[in-house]
file coords01.pdb (PDB, C-alpha atoms and all ligand atoms)
ATOM      1  CA  MET P   1      51.857  22.339  13.175  1.00  0.00           C
ATOM      2  CA  THR P   2      49.394  25.212  12.941  1.00  0.00           C
ATOM      3  CA  GLU P   3      49.018  27.181  16.148  1.00  0.00           C
ATOM      4  CA  THR P   4      45.450  27.175  17.509  1.00  0.00           C
ATOM      5  CA  LEU P   5      44.232  30.730  18.022  1.00  0.00           C
ATOM      6  CA  SER P   6      41.133  31.748  19.971  1.00  0.00           C
ATOM      7  CA  LEU P   7      38.079  32.975  18.055  1.00  0.00           C
ATOM      8  CA  ALA P   8      38.752  36.477  19.387  1.00  0.00           C
ATOM      9  CA  GLU P   9      42.333  36.389  18.074  1.00  0.00           C
ATOM     10  CA  ILE P  10      41.126  35.166  14.676  1.00  0.00           C
ATOM     11  CA  ALA P  11      38.475  37.910  14.537  1.00  0.00           C
ATOM     12  CA  GLU P  12      41.154  40.490  15.375  1.00  0.00           C
ATOM     13  CA  ALA P  13      43.382  39.199  12.561  1.00  0.00           C
ATOM     14  CA  ILE P  14      40.420  39.404  10.139  1.00  0.00           C
ATOM     15  CA  ARG P  15      39.707  43.003  11.198  1.00  0.00           C
ATOM     16  CA  SER P  16      43.234  44.082  10.278  1.00  0.00           C
ATOM     17  CA  CYS P  17      43.496  41.849   7.184  1.00  0.00           C
ATOM     18  CA  THR P  18      44.795  43.288   3.902  1.00  0.00           C
ATOM     19  CA  ARG P  19      45.401  39.949   2.144  1.00  0.00           C
ATOM     20  CA  CYS P  20      43.011  40.749  -0.738  1.00  0.00           C
ATOM     21  CA  PRO P  21      41.483  43.908  -2.252  1.00  0.00           C
ATOM     22  CA  LEU P  22      38.090  43.343  -0.581  1.00  0.00           C
ATOM     23  CA  HIS P  23      39.376  45.112   2.536  1.00  0.00           C
ATOM     24  CA  GLN P  24      39.389  48.356   0.537  1.00  0.00           C
ATOM     25  CA  THR P  25      35.699  48.272  -0.351  1.00  0.00           C
ATOM     26  CA  ARG P  26      34.092  46.640   2.669  1.00  0.00           C
ATOM     27  CA  ARG P  27      32.615  48.664   5.516  1.00  0.00           C
ATOM     28  CA  ASN P  28      33.045  45.989   8.187  1.00  0.00           C
ATOM     29  CA  PRO P  29      34.590  42.543   8.004  1.00  0.00           C
ATOM     30  CA  VAL P  30      32.296  39.738   9.164  1.00  0.00           C
ATOM     31  CA  PRO P  31      34.394  37.174  11.052  1.00  0.00           C
ATOM     32  CA  GLY P  32      31.407  35.124  12.257  1.00  0.00           C
ATOM     33  CA  GLU P  33      29.758  34.526  15.602  1.00  0.00           C
ATOM     34  CA  GLY P  34      28.709  31.801  17.970  1.00  0.00           C
ATOM     35  CA  PRO P  35      30.053  29.822  20.919  1.00  0.00           C
ATOM     36  CA  GLU P  36      33.641  28.541  20.889  1.00  0.00           C
ATOM     37  CA  ASP P  37      32.339  25.102  21.971  1.00  0.00           C
ATOM     38  CA  ALA P  38      29.640  24.894  19.260  1.00  0.00           C
ATOM     39  CA  ARG P  39      29.337  21.346  17.900  1.00  0.00           C
ATOM     40  CA  VAL P  40      27.715  22.571  14.713  1.00  0.00           C
ATOM     41  CA  MET P  41      29.336  25.146  12.438  1.00  0.00           C
ATOM     42  CA  LEU P  42      27.584  26.802   9.490  1.00  0.00           C
ATOM     43  CA  VAL P  43      29.635  28.164   6.605  1.00  0.00           C
ATOM     44  CA  GLY P  44      27.900  30.516   4.164  1.00  0.00           C
ATOM     45  CA  GLU P  45      29.212  32.344   1.140  1.00  0.00           C
ATOM     46  CA  ALA P  46      30.045  35.995   1.800  1.00  0.00           C
ATOM     47  CA  PRO P  47      28.615  38.987   3.662  1.00  0.00           C
ATOM     48  CA  GLY P  48      25.915  40.957   1.844  1.00  0.00           C
ATOM     49  CA  TYR P  49      24.785  44.554   2.318  1.00  0.00           C
ATOM     50  CA  TYR P  50      23.370  44.242   5.838  1.00  0.00           C
ATOM     51  CA  GLU P  51      26.162  41.978   7.054  1.00  0.00           C
ATOM     52  CA  ASP P  52      28.728  44.492   5.761  1.00  0.00           C
ATOM     53  CA  ARG P  53      26.963  47.297   7.629  1.00  0.00           C
ATOM     54  CA  SER P  54      26.583  45.396  10.892  1.00  0.00           C
ATOM     55  CA  GLY P  55      29.694  43.183  10.909  1.00  0.00           C
ATOM     56  CA  ARG P  56      27.439  40.177  11.697  1.00  0.00           C
ATOM     57  CA  PRO P  57      26.659  37.130   9.528  1.00  0.00           C
ATOM     58  CA  PHE P  58      23.214  36.366   8.080  1.00  0.00           C
ATOM     59  CA  VAL P  59      21.309  39.366   9.454  1.00  0.00           C
ATOM     60  CA  GLY P  60      19.377  40.128   6.218  1.00  0.00           C
ATOM     61  CA  ALA P  61      16.497  38.324   4.509  1.00  0.00           C
ATOM     62  CA  ALA P  62      18.502  35.117   3.990  1.00  0.00           C
ATOM     63  CA  GLY P  63      19.316  35.165   7.721  1.00  0.00           C
ATOM     64  CA  ARG P  64      15.630  35.178   8.610  1.00  0.00           C
ATOM     65  CA  VAL P  65      15.073  32.154   6.372  1.00  0.00           C
ATOM     66  CA  LEU P  66      18.082  30.478   7.969  1.00  0.00           C
ATOM     67  CA  ASP P  67      16.625  30.941  11.459  1.00  0.00           C
ATOM     68  CA  GLU P  68      13.370  29.307  10.345  1.00  0.00           C
ATOM     69  CA  LEU P  69      15.211  26.379   8.761  1.00  0.00           C
ATOM     70  CA  LEU P  70      17.442  25.902  11.819  1.00  0.00           C
ATOM     71  CA  ALA P  71      14.328  25.725  13.988  1.00  0.00           C
ATOM     72  CA  LEU P  72      13.135  22.752  11.897  1.00  0.00           C
ATOM     73  CA  ALA P  73      16.394  20.999  12.815  1.00  0.00           C
ATOM     74  CA  GLY P  74      15.823  21.821  16.479  1.00  0.00           C
ATOM     75  CA  LEU P  75      18.701  24.319  16.476  1.00  0.00           C
ATOM     76  CA  ARG P  76      18.828  27.879  17.719  1.00  0.00           C
ATOM     77  CA  ARG P  77      21.268  30.372  16.291  1.00  0.00           C
ATOM     78  CA  ASP P  78      23.015  30.820  19.638  1.00  0.00           C
ATOM     79  CA  GLN P  79      23.935  27.104  19.621  1.00  0.00           C
ATOM     80  CA  VAL P  80      25.864  27.209  16.354  1.00  0.00           C
ATOM     81  CA  PHE P  81      28.878  29.069  15.029  1.00  0.00           C
ATOM     82  CA  ILE P  82      28.018  30.908  11.798  1.00  0.00           C
ATOM     83  CA  THR P  83      30.620  32.243   9.424  1.00  0.00           C
ATOM     84  CA  ASN P  84      31.282  32.598   5.710  1.00  0.00           C
ATOM     85  CA  ILE P  85      33.904  31.286   3.351  1.00  0.00           C
ATOM     86  CA  ILE P  86      34.762  34.948   2.570  1.00  0.00           C
ATOM     87  CA  LYS P  87      34.826  37.411   5.469  1.00  0.00           C
ATOM     88  CA  CYS P  88      34.438  40.681   3.506  1.00  0.00           C
ATOM     89  CA  ARG P  89      31.616  41.703   1.168  1.00  0.00           C
ATOM     90  CA  PRO P  90      32.410  41.512  -2.536  1.00  0.00           C
ATOM     91  CA  PRO P  91      31.257  44.732  -4.266  1.00  0.00           C
ATOM     92  CA  LYS P  92      27.623  44.501  -5.439  1.00  0.00           C
ATOM     93  CA  ASN P  93      27.501  40.958  -4.004  1.00  0.00           C
ATOM     94  CA  ARG P  94      29.385  39.549  -6.985  1.00  0.00           C
ATOM     95  CA  ASP P  95      30.789  36.010  -6.722  1.00  0.00           C
ATOM     96  CA  PRO P  96      34.051  35.741  -4.784  1.00  0.00           C
ATOM     97  CA  LYS P  97      37.145  35.458  -7.018  1.00  0.00           C
ATOM     98  CA  PRO P  98      39.462  32.446  -6.689  1.00  0.00           C
ATOM     99  CA  GLU P  99      42.267  34.634  -5.296  1.00  0.00           C
ATOM    100  CA  GLU P 100      39.896  36.067  -2.667  1.00  0.00           C
ATOM    101  CA  LEU P 101      38.761  32.597  -1.662  1.00  0.00           C
ATOM    102  CA  GLN P 102      42.370  31.537  -1.351  1.00  0.00           C
ATOM    103  CA  ALA P 103      43.410  34.627   0.634  1.00  0.00           C
ATOM    104  CA  CYS P 104      40.597  34.084   3.132  1.00  0.00           C
ATOM    105  CA  GLN P 105      41.056  30.325   3.607  1.00  0.00           C
ATOM    106  CA  PRO P 106      43.507  30.502   6.540  1.00  0.00           C
ATOM    107  CA  TYR P 107      40.851  32.230   8.657  1.00  0.00           C
ATOM    108  CA  LEU P 108      38.272  29.500   8.103  1.00  0.00           C
ATOM    109  CA  ARG P 109      40.904  26.851   8.795  1.00  0.00           C
ATOM    110  CA  GLN P 110      41.795  28.586  12.069  1.00  0.00           C
ATOM    111  CA  GLN P 111      38.134  28.877  13.056  1.00  0.00           C
ATOM    112  CA  ILE P 112      37.598  25.157  12.440  1.00  0.00           C
ATOM    113  CA  LEU P 113      40.665  24.383  14.591  1.00  0.00           C
ATOM    114  CA  ALA P 114      39.435  26.678  17.381  1.00  0.00           C
ATOM    115  CA  ILE P 115      35.880  25.289  17.437  1.00  0.00           C
ATOM    116  CA  ASP P 116      36.606  21.692  16.421  1.00  0.00           C
ATOM    117  CA  PRO P 117      32.960  21.112  15.405  1.00  0.00           C
ATOM    118  CA  ASP P 118      31.466  17.651  14.878  1.00  0.00           C
ATOM    119  CA  VAL P 119      29.326  18.893  12.012  1.00  0.00           C
ATOM    120  CA  ILE P 120      29.950  21.518   9.336  1.00  0.00           C
ATOM    121  CA  VAL P 121      26.865  22.602   7.403  1.00  0.00           C
ATOM    122  CA  THR P 122      27.753  24.283   4.117  1.00  0.00           C
ATOM    123  CA  LEU P 123      25.366  26.928   2.796  1.00  0.00           C
ATOM    124  CA  GLY P 124      25.697  27.427  -0.929  1.00  0.00           C
ATOM    125  CA  ARG P 125      28.055  26.429  -3.647  1.00  0.00           C
ATOM    126  CA  PHE P 126      31.349  28.136  -2.705  1.00  0.00           C
ATOM    127  CA  SER P 127      31.290  26.730   0.778  1.00  0.00           C
ATOM    128  CA  MET P 128      30.335  23.258  -0.502  1.00  0.00           C
ATOM    129  CA  GLN P 129      33.162  23.316  -3.076  1.00  0.00           C
ATOM    130  CA  TYR P 130      35.692  23.977  -0.326  1.00  0.00           C
ATOM    131  CA  PHE P 131      34.680  20.903   1.691  1.00  0.00           C
ATOM    132  CA  LEU P 132      33.336  18.631  -1.064  1.00  0.00           C
ATOM    133  CA  PRO P 133      35.177  19.547  -4.269  1.00  0.00           C
ATOM    134  CA  GLY P 134      33.313  18.526  -7.411  1.00  0.00           C
ATOM    135  CA  ALA P 135      29.976  17.873  -5.631  1.00  0.00           C
ATOM    136  CA  LYS P 136      26.722  19.062  -7.249  1.00  0.00           C
ATOM    137  CA  ILE P 137      24.268  20.611  -4.789  1.00  0.00           C
ATOM    138  CA  SER P 138      21.194  19.312  -6.649  1.00  0.00           C
ATOM    139  CA  GLN P 139      22.523  15.772  -6.122  1.00  0.00           C
ATOM    140  CA  VAL P 140      23.950  15.945  -2.599  1.00  0.00           C
ATOM    141  CA  HIS P 141      21.851  18.497  -0.671  1.00  0.00           C
ATOM    142  CA  GLY P 142      20.954  17.341   2.807  1.00  0.00           C
ATOM    143  CA  ARG P 143      23.216  14.262   2.681  1.00  0.00           C
ATOM    144  CA  PRO P 144      25.881  13.900   5.394  1.00  0.00           C
ATOM    145  CA  PHE P 145      29.432  13.066   4.252  1.00  0.00           C
ATOM    146  CA  ARG P 146      32.013  11.745   6.719  1.00  0.00           C
ATOM    147  CA  ARG P 147      35.321  13.608   6.386  1.00  0.00           C
ATOM    148  CA  GLY P 148      37.839  12.472   8.995  1.00  0.00           C
ATOM    149  CA  LYS P 149      36.196  12.929  12.373  1.00  0.00           C
ATOM    150  CA  ARG P 150      33.564  15.364  11.116  1.00  0.00           C
ATOM    151  CA  TRP P 151      30.299  15.268   9.218  1.00  0.00           C
ATOM    152  CA  ILE P 152      29.911  17.691   6.314  1.00  0.00           C
ATOM    153  CA  VAL P 153      26.284  18.404   5.411  1.00  0.00           C
ATOM    154  CA  PRO P 154      25.815  20.407   2.190  1.00  0.00           C
ATOM    155  CA  MET P 155      22.658  22.530   2.134  1.00  0.00           C
ATOM    156  CA  TYR P 156      21.138  24.889  -0.402  1.00  0.00           C
ATOM    157  CA  HIS P 157      21.904  28.519   0.418  1.00  0.00           C
ATOM    158  CA  PRO P 158      18.959  29.944   2.431  1.00  0.00           C
ATOM    159  CA  ALA P 159      18.514  32.718  -0.185  1.00  0.00           C
ATOM    160  CA  VAL P 160      17.409  29.996  -2.632  1.00  0.00           C
ATOM    161  CA  ALA P 161      14.107  29.826  -0.743  1.00  0.00           C
ATOM    162  CA  LEU P 162      13.594  33.511  -1.639  1.00  0.00           C
ATOM    163  CA  TYR P 163      14.329  33.369  -5.359  1.00  0.00           C
ATOM    164  CA  ARG P 164      13.164  29.783  -6.032  1.00  0.00           C
ATOM    165  CA  PRO P 165      10.193  29.364  -3.660  1.00  0.00           C
ATOM    166  CA  PRO P 166       9.278  25.859  -4.942  1.00  0.00           C
ATOM    167  CA  LEU P 167      12.572  24.590  -3.467  1.00  0.00           C
ATOM    168  CA  ARG P 168      11.632  25.717   0.020  1.00  0.00           C
ATOM    169  CA  ALA P 169       9.800  22.464   0.822  1.00  0.00           C
ATOM    170  CA  VAL P 170      12.891  20.460  -0.197  1.00  0.00           C
ATOM    171  CA  MET P 171      15.068  22.650   2.021  1.00  0.00           C
ATOM    172  CA  GLU P 172      12.690  22.234   4.937  1.00  0.00           C
ATOM    173  CA  GLU P 173      12.880  18.463   4.529  1.00  0.00           C
ATOM    174  CA  ASP P 174      16.708  18.661   4.514  1.00  0.00           C
ATOM    175  CA  TYR P 175      16.717  20.562   7.817  1.00  0.00           C
ATOM    176  CA  ARG P 176      14.265  18.141   9.429  1.00  0.00           C
ATOM    177  CA  ALA P 177      16.584  15.321   8.344  1.00  0.00           C
ATOM    178  CA  LEU P 178      19.547  17.240   9.788  1.00  0.00           C
ATOM    179  CA  GLY P 179      17.756  17.446  13.138  1.00  0.00           C
ATOM    180  CA  LYS P 180      17.132  13.694  13.060  1.00  0.00           C
ATOM    181  CA  ALA P 181      20.812  13.025  12.248  1.00  0.00           C
ATOM    182  CA  LEU P 182      21.956  15.363  15.040  1.00  0.00           C
ATOM    183  CA  ARG P 183      19.840  13.383  17.476  1.00  0.00           C
ATOM    184  CA  GLU P 184      21.178  10.063  16.156  1.00  0.00           C
ATOM    185  CA  TRP P 185      24.757  11.321  16.480  1.00  0.00           C
ATOM    186  CA  GLY P 186      24.066  12.399  20.076  1.00  0.00           C
ATOM    187  CA  ILE P 187      24.668  16.067  19.257  1.00  0.00           C
ATOM    188  CA  LEU P 188      21.123  17.080  20.144  1.00  0.00           C
ATOM    189  CA  PRO P 189      19.154  15.364  22.912  1.00  0.00           C
ATOM    190  CA  ASP P 190      16.490  12.904  21.744  1.00  0.00           C
ATOM    191  CA  ASP P 191      13.764  15.216  22.920  1.00  0.00           C
ATOM    192  CA  ALA P 192      15.199  18.368  21.261  1.00  0.00           C
ATOM    193  CA  PRO P 193      12.195  20.479  20.306  1.00  0.00           C
ATOM    194  CA  ASP P 194      11.685  21.273  16.647  1.00  0.00           C
ATOM    195  CA  SER P 195       8.940  23.467  15.375  1.00  0.00           C
ATOM    196  CA  GLU P 196       6.986  20.498  14.012  1.00  0.00           C
ATOM    197  CA  ALA P 197       6.934  18.775  17.397  1.00  0.00           C
ATOM    198  CA  ALA P 198       6.102  22.091  19.040  1.00  0.00           C
ATOM    199  CA  SER P 199       3.132  22.624  16.709  1.00  0.00           C
ATOM    200  CA  GLN P 200       1.862  19.084  17.351  1.00  0.00           C
ATOM    201  CA  GLU P 201       2.017  19.665  21.086  1.00  0.00           C
ATOM    202  CA  GLY P 202      -0.398  22.547  20.587  1.00  0.00           C
ATOM    203  CA  ASP P 203      -2.910  20.345  18.669  1.00  0.00           C
TER     204      ASP P 203
HETATM  205  N1  LIG U   1      24.667  35.253   2.584  1.00  0.00           N
HETATM  206  C1  LIG U   1      25.775  34.597   3.009  1.00  0.00           C
HETATM  207  O1  LIG U   1      26.239  33.665   2.387  1.00  0.00           O
HETATM  208  N2  LIG U   1      26.328  35.003   4.140  1.00  0.00           N
HETATM  209  C2  LIG U   1      25.855  36.012   4.871  1.00  0.00           C
HETATM  210  O2  LIG U   1      26.433  36.295   5.924  1.00  0.00           O
HETATM  211  C3  LIG U   1      24.701  36.662   4.418  1.00  0.00           C
HETATM  212  C4  LIG U   1      24.119  36.273   3.268  1.00  0.00           C
END
call {"tool": "encode", "arguments": {"input": "coords01.pdb", "output": "structure tokens"}}
result
Amino acid sequence: MTETLSLAEIAEAIRSCTRCPLHQTRRNPVPGEGPEDARVMLVGEAPGYYEDRSGRPFVGAAGRVLDELLALAGLRRDQVFITNIIKCRPPKNRDPKPEELQACQPYLRQQILAIDPDVIVTLGRFSMQYFLPGAKISQVHGRPFRRGKRWIVPMYHPAVALYRPPLRAVMEEDYRALGKALREWGILPDDAPDSEAASQEGD
């Protein structure tokens, strides 16, 4: 049986990790952040420039898009645990290599054990492949999949809204649907505010 570590212990292990060469080129590892009792966990791809500098996930342009999308689901960032499939920045933001993905996997597994979320939202292809091998994002985005006791919800990576603006409306619809599902599953209260409801209240 795998021992359950606390999030702080996992973060400490990530900070001293030398399991793959990325530890030589990164400035700061990015273990992830959010409450230990979060019911929703978000798993992105890998830290970029600003994440590497700050040691925090999704603090750059994609992070701002993510905050806006989460609001459509009725979620605030401080309610969810956000991490990445790879905890250290690949040089020049290149794709993670299979051996790096494999070396980093134990940390994600430990984080899932520590948090025990009801819902895991994957952001981008590498994260989706880990939970839903063989899935195609264009076919499955926004659709919840039951895996054991959890829901896996594959989403487009928030950066897609920046380099393919026409997809933004589709992504917004996916996050509204996520909010509806979270309410149906009893994870968010029925009256959880989302930005749409908030804007209608002002009408
Ligand atoms: N993109 C990601 O996938 N993760 C981050 O933390 C930042 C950008």
call {"tool": "resolve_selection", "arguments": {"input": "coords01.pdb", "expression": "the PyMOL selection byres (((chain P and resi 149) around 10) and not hetatm)", "output": "PyMOL selection string"}}
result
chain P and resi 116-119+146-148+150-152
call {"tool": "closest_residue", "arguments": {"input": "coords01.pdb", "among": "P:Gly44, P:Gly186, P:Pro98, P:Pro144", "to": "ligand LIG 1 (chain U)", "atoms": "only C-alpha atoms and all ligand atoms"}}
result
P:Gly44
call {"tool": "atom_distance", "arguments": {"input": "coords01.pdb", "atom1": "atom CA of Pro90 of chain P", "atom2": "atom CA of Pro21 of chain P"}}
result
9.4 Å
call {"tool": "residues_near_ligand", "arguments": {"input": "coords01.pdb", "ligand": "ligand LIG 1 (chain U)", "cutoff": "10 Å", "atoms": "only C-alpha atoms and all ligand atoms", "output": "PyMOL selection string"}}
result
chain P and resi 30-32+42-52+55-63+66+82-89+93+122-127+157-159
call {"tool": "atom_distance", "arguments": {"input": "coords01.pdb", "atom1": "atom CA of Val121 of chain P", "atom2": "atom CA of Leu162 of chain P"}}
result
19.4 Å
call {"tool": "resolve_selection", "arguments": {"input": "coords01.pdb", "expression": "the PyMOL selection byres (((chain P and resi 141) around 12) and not hetatm)", "output": "NGL selection string"}}
result
:P and (121-125 or 128 or 132 or 135-140 or 142-145 or 152-157 or 167 or 170-175 or 177-178)
call {"tool": "closest_residue", "arguments": {"input": "coords01.pdb", "among": "P:Asp78, P:Glu68, P:Glu9, P:Glu36", "to": "Arg176 of chain P", "atoms": "only C-alpha atoms"}}
result
P:Glu68
call {"tool": "atom_distance", "arguments": {"input": "coords01.pdb", "atom1": "atom CA of Trp185 of chain P", "atom2": "atom CA of Val40 of chain P"}}
result
11.8 Å
call {"tool": "closest_residue", "arguments": {"input": "coords01.pdb", "among": "P:Ile120, P:Pro29, P:Glu184, P:Leu69", "to": "Cys17 of chain P", "atoms": "all atoms listed in the file"}}
result
P:Pro29
call {"tool": "closest_residue", "arguments": {"input": "coords01.pdb", "among": "P:Met41, P:Leu22, P:Ala161, P:Ile14", "to": "Arg94 of chain P", "atoms": "all atoms listed in the file"}}
result
P:Leu22
call {"tool": "axis_aligned_box", "arguments": {"input": "coords01.pdb", "around": "segment 115-128 of chain P", "padding_each_side": "5 Å", "output": "lines of an AutoDock Vina configuration file"}}
result
center_x = 31.0
center_y = 22.9
center_z = 6.9
size_x = 21.2
size_y = 20.5
size_z = 31.1
call {"tool": "closest_residue", "arguments": {"input": "coords01.pdb", "among": "P:Gly74, P:Pro106, P:Gly34, P:Pro96", "to": "Glu3 of chain P", "atoms": "all atoms listed in the file"}}
result
P:Pro106
call {"tool": "resolve_selection", "arguments": {"input": "coords01.pdb", "expression": "the PyMOL selection byres (((chain P and resi 20) around 10) and not hetatm)", "output": "MDAnalysis selection string"}}
result
chainID P and resid 17:19 21:24 88 99:104
call {"tool": "decode", "arguments": {"input": "coords01.pdb", "residues": "segment 166-175 of chain P", "atoms": "all heavy atoms", "output": "PDB file, in the first residue's frame"}}
result
ATOM      1  N   PRO P 166     -11.398  31.678 -31.613  1.00  0.00           N
ATOM      2  CA  PRO P 166     -12.757  31.188 -31.908  1.00  0.00           C
ATOM      3  C   PRO P 166     -13.194  30.052 -30.976  1.00  0.00           C
ATOM      4  O   PRO P 166     -14.396  29.818 -30.813  1.00  0.00           O
ATOM      5  CB  PRO P 166     -12.660  30.682 -33.355  1.00  0.00           C
ATOM      6  CG  PRO P 166     -11.492  31.412 -33.941  1.00  0.00           C
ATOM      7  CD  PRO P 166     -10.533  31.630 -32.811  1.00  0.00           C
ATOM      8  N   LEU P 167     -12.234  29.349 -30.370  1.00  0.00           N
ATOM      9  CA  LEU P 167     -12.612  28.239 -29.476  1.00  0.00           C
ATOM     10  C   LEU P 167     -13.061  28.719 -28.099  1.00  0.00           C
ATOM     11  O   LEU P 167     -13.580  27.950 -27.299  1.00  0.00           O
ATOM     12  CB  LEU P 167     -11.447  27.262 -29.316  1.00  0.00           C
ATOM     13  CG  LEU P 167     -11.366  26.120 -30.334  1.00  0.00           C
ATOM     14  CD1 LEU P 167     -10.193  25.200 -30.017  1.00  0.00           C
ATOM     15  CD2 LEU P 167     -12.670  25.314 -30.302  1.00  0.00           C
ATOM     16  N   ARG P 168     -12.834  29.993 -27.829  1.00  0.00           N
ATOM     17  CA  ARG P 168     -13.141  30.479 -26.473  1.00  0.00           C
ATOM     18  C   ARG P 168     -14.613  30.251 -26.099  1.00  0.00           C
ATOM     19  O   ARG P 168     -14.916  29.859 -24.968  1.00  0.00           O
ATOM     20  CB  ARG P 168     -12.782  31.958 -26.340  1.00  0.00           C
ATOM     21  CG  ARG P 168     -13.153  32.457 -24.958  1.00  0.00           C
ATOM     22  CD  ARG P 168     -12.368  33.612 -24.483  1.00  0.00           C
ATOM     23  NE  ARG P 168     -12.812  33.890 -23.130  1.00  0.00           N
ATOM     24  CZ  ARG P 168     -12.027  34.293 -22.150  1.00  0.00           C
ATOM     25  NH1 ARG P 168     -10.756  34.476 -22.359  1.00  0.00           N
ATOM     26  NH2 ARG P 168     -12.509  34.514 -20.961  1.00  0.00           N
ATOM     27  N   ALA P 169     -15.511  30.482 -27.046  1.00  0.00           N
ATOM     28  CA  ALA P 169     -16.946  30.319 -26.739  1.00  0.00           C
ATOM     29  C   ALA P 169     -17.252  28.868 -26.375  1.00  0.00           C
ATOM     30  O   ALA P 169     -18.059  28.601 -25.464  1.00  0.00           O
ATOM     31  CB  ALA P 169     -17.786  30.762 -27.931  1.00  0.00           C
ATOM     32  N   VAL P 170     -16.600  27.931 -27.060  1.00  0.00           N
ATOM     33  CA  VAL P 170     -16.794  26.500 -26.765  1.00  0.00           C
ATOM     34  C   VAL P 170     -16.285  26.210 -25.350  1.00  0.00           C
ATOM     35  O   VAL P 170     -16.940  25.505 -24.559  1.00  0.00           O
ATOM     36  CB  VAL P 170     -15.996  25.644 -27.789  1.00  0.00           C
ATOM     37  CG1 VAL P 170     -16.026  24.170 -27.429  1.00  0.00           C
ATOM     38  CG2 VAL P 170     -16.508  25.884 -29.195  1.00  0.00           C
ATOM     39  N   MET P 171     -15.136  26.779 -25.021  1.00  0.00           N
ATOM     40  CA  MET P 171     -14.558  26.547 -23.691  1.00  0.00           C
ATOM     41  C   MET P 171     -15.466  27.129 -22.607  1.00  0.00           C
ATOM     42  O   MET P 171     -15.683  26.524 -21.558  1.00  0.00           O
ATOM     43  CB  MET P 171     -13.158  27.167 -23.628  1.00  0.00           C
ATOM     44  CG  MET P 171     -12.198  26.500 -24.605  1.00  0.00           C
ATOM     45  SD  MET P 171     -10.669  27.426 -24.869  1.00  0.00           S
ATOM     46  CE  MET P 171      -9.870  27.206 -23.298  1.00  0.00           C
ATOM     47  N   GLU P 172     -16.013  28.306 -22.895  1.00  0.00           N
ATOM     48  CA  GLU P 172     -16.897  28.926 -21.901  1.00  0.00           C
ATOM     49  C   GLU P 172     -18.118  28.038 -21.654  1.00  0.00           C
ATOM     50  O   GLU P 172     -18.553  27.858 -20.518  1.00  0.00           O
ATOM     51  CB  GLU P 172     -17.326  30.314 -22.388  1.00  0.00           C
ATOM     52  CG  GLU P 172     -16.160  31.292 -22.354  1.00  0.00           C
ATOM     53  CD  GLU P 172     -16.528  32.703 -22.778  1.00  0.00           C
ATOM     54  OE1 GLU P 172     -17.659  32.921 -23.253  1.00  0.00           O
ATOM     55  OE2 GLU P 172     -15.673  33.582 -22.637  1.00  0.00           O
ATOM     56  N   GLU P 173     -18.635  27.460 -22.735  1.00  0.00           N
ATOM     57  CA  GLU P 173     -19.795  26.574 -22.604  1.00  0.00           C
ATOM     58  C   GLU P 173     -19.424  25.349 -21.759  1.00  0.00           C
ATOM     59  O   GLU P 173     -20.201  24.899 -20.903  1.00  0.00           O
ATOM     60  CB  GLU P 173     -20.248  26.157 -24.024  1.00  0.00           C
ATOM     61  CG  GLU P 173     -21.704  25.857 -24.153  1.00  0.00           C
ATOM     62  CD  GLU P 173     -22.583  26.730 -23.286  1.00  0.00           C
ATOM     63  OE1 GLU P 173     -22.599  27.968 -23.440  1.00  0.00           O
ATOM     64  OE2 GLU P 173     -23.257  26.151 -22.416  1.00  0.00           O
ATOM     65  N   ASP P 174     -18.215  24.806 -21.982  1.00  0.00           N
ATOM     66  CA  ASP P 174     -17.755  23.647 -21.203  1.00  0.00           C
ATOM     67  C   ASP P 174     -17.691  23.974 -19.704  1.00  0.00           C
ATOM     68  O   ASP P 174     -18.032  23.145 -18.856  1.00  0.00           O
ATOM     69  CB  ASP P 174     -16.369  23.189 -21.683  1.00  0.00           C
ATOM     70  CG  ASP P 174     -16.409  22.485 -23.039  1.00  0.00           C
ATOM     71  OD1 ASP P 174     -17.521  22.126 -23.489  1.00  0.00           O
ATOM     72  OD2 ASP P 174     -15.335  22.300 -23.645  1.00  0.00           O
ATOM     73  N   TYR P 175     -17.243  25.173 -19.371  1.00  0.00           N
ATOM     74  CA  TYR P 175     -17.127  25.521 -17.944  1.00  0.00           C
ATOM     75  C   TYR P 175     -18.497  25.799 -17.325  1.00  0.00           C
ATOM     76  O   TYR P 175     -18.722  25.503 -16.159  1.00  0.00           O
ATOM     77  CB  TYR P 175     -16.146  26.695 -17.741  1.00  0.00           C
ATOM     78  CG  TYR P 175     -14.708  26.193 -17.757  1.00  0.00           C
ATOM     79  CD1 TYR P 175     -14.051  25.949 -18.951  1.00  0.00           C
ATOM     80  CD2 TYR P 175     -14.024  25.903 -16.576  1.00  0.00           C
ATOM     81  CE1 TYR P 175     -12.752  25.458 -18.972  1.00  0.00           C
ATOM     82  CE2 TYR P 175     -12.726  25.410 -16.588  1.00  0.00           C
ATOM     83  CZ  TYR P 175     -12.097  25.185 -17.787  1.00  0.00           C
ATOM     84  OH  TYR P 175     -10.818  24.681 -17.807  1.00  0.00           O
TER      85      TYR P 175
END
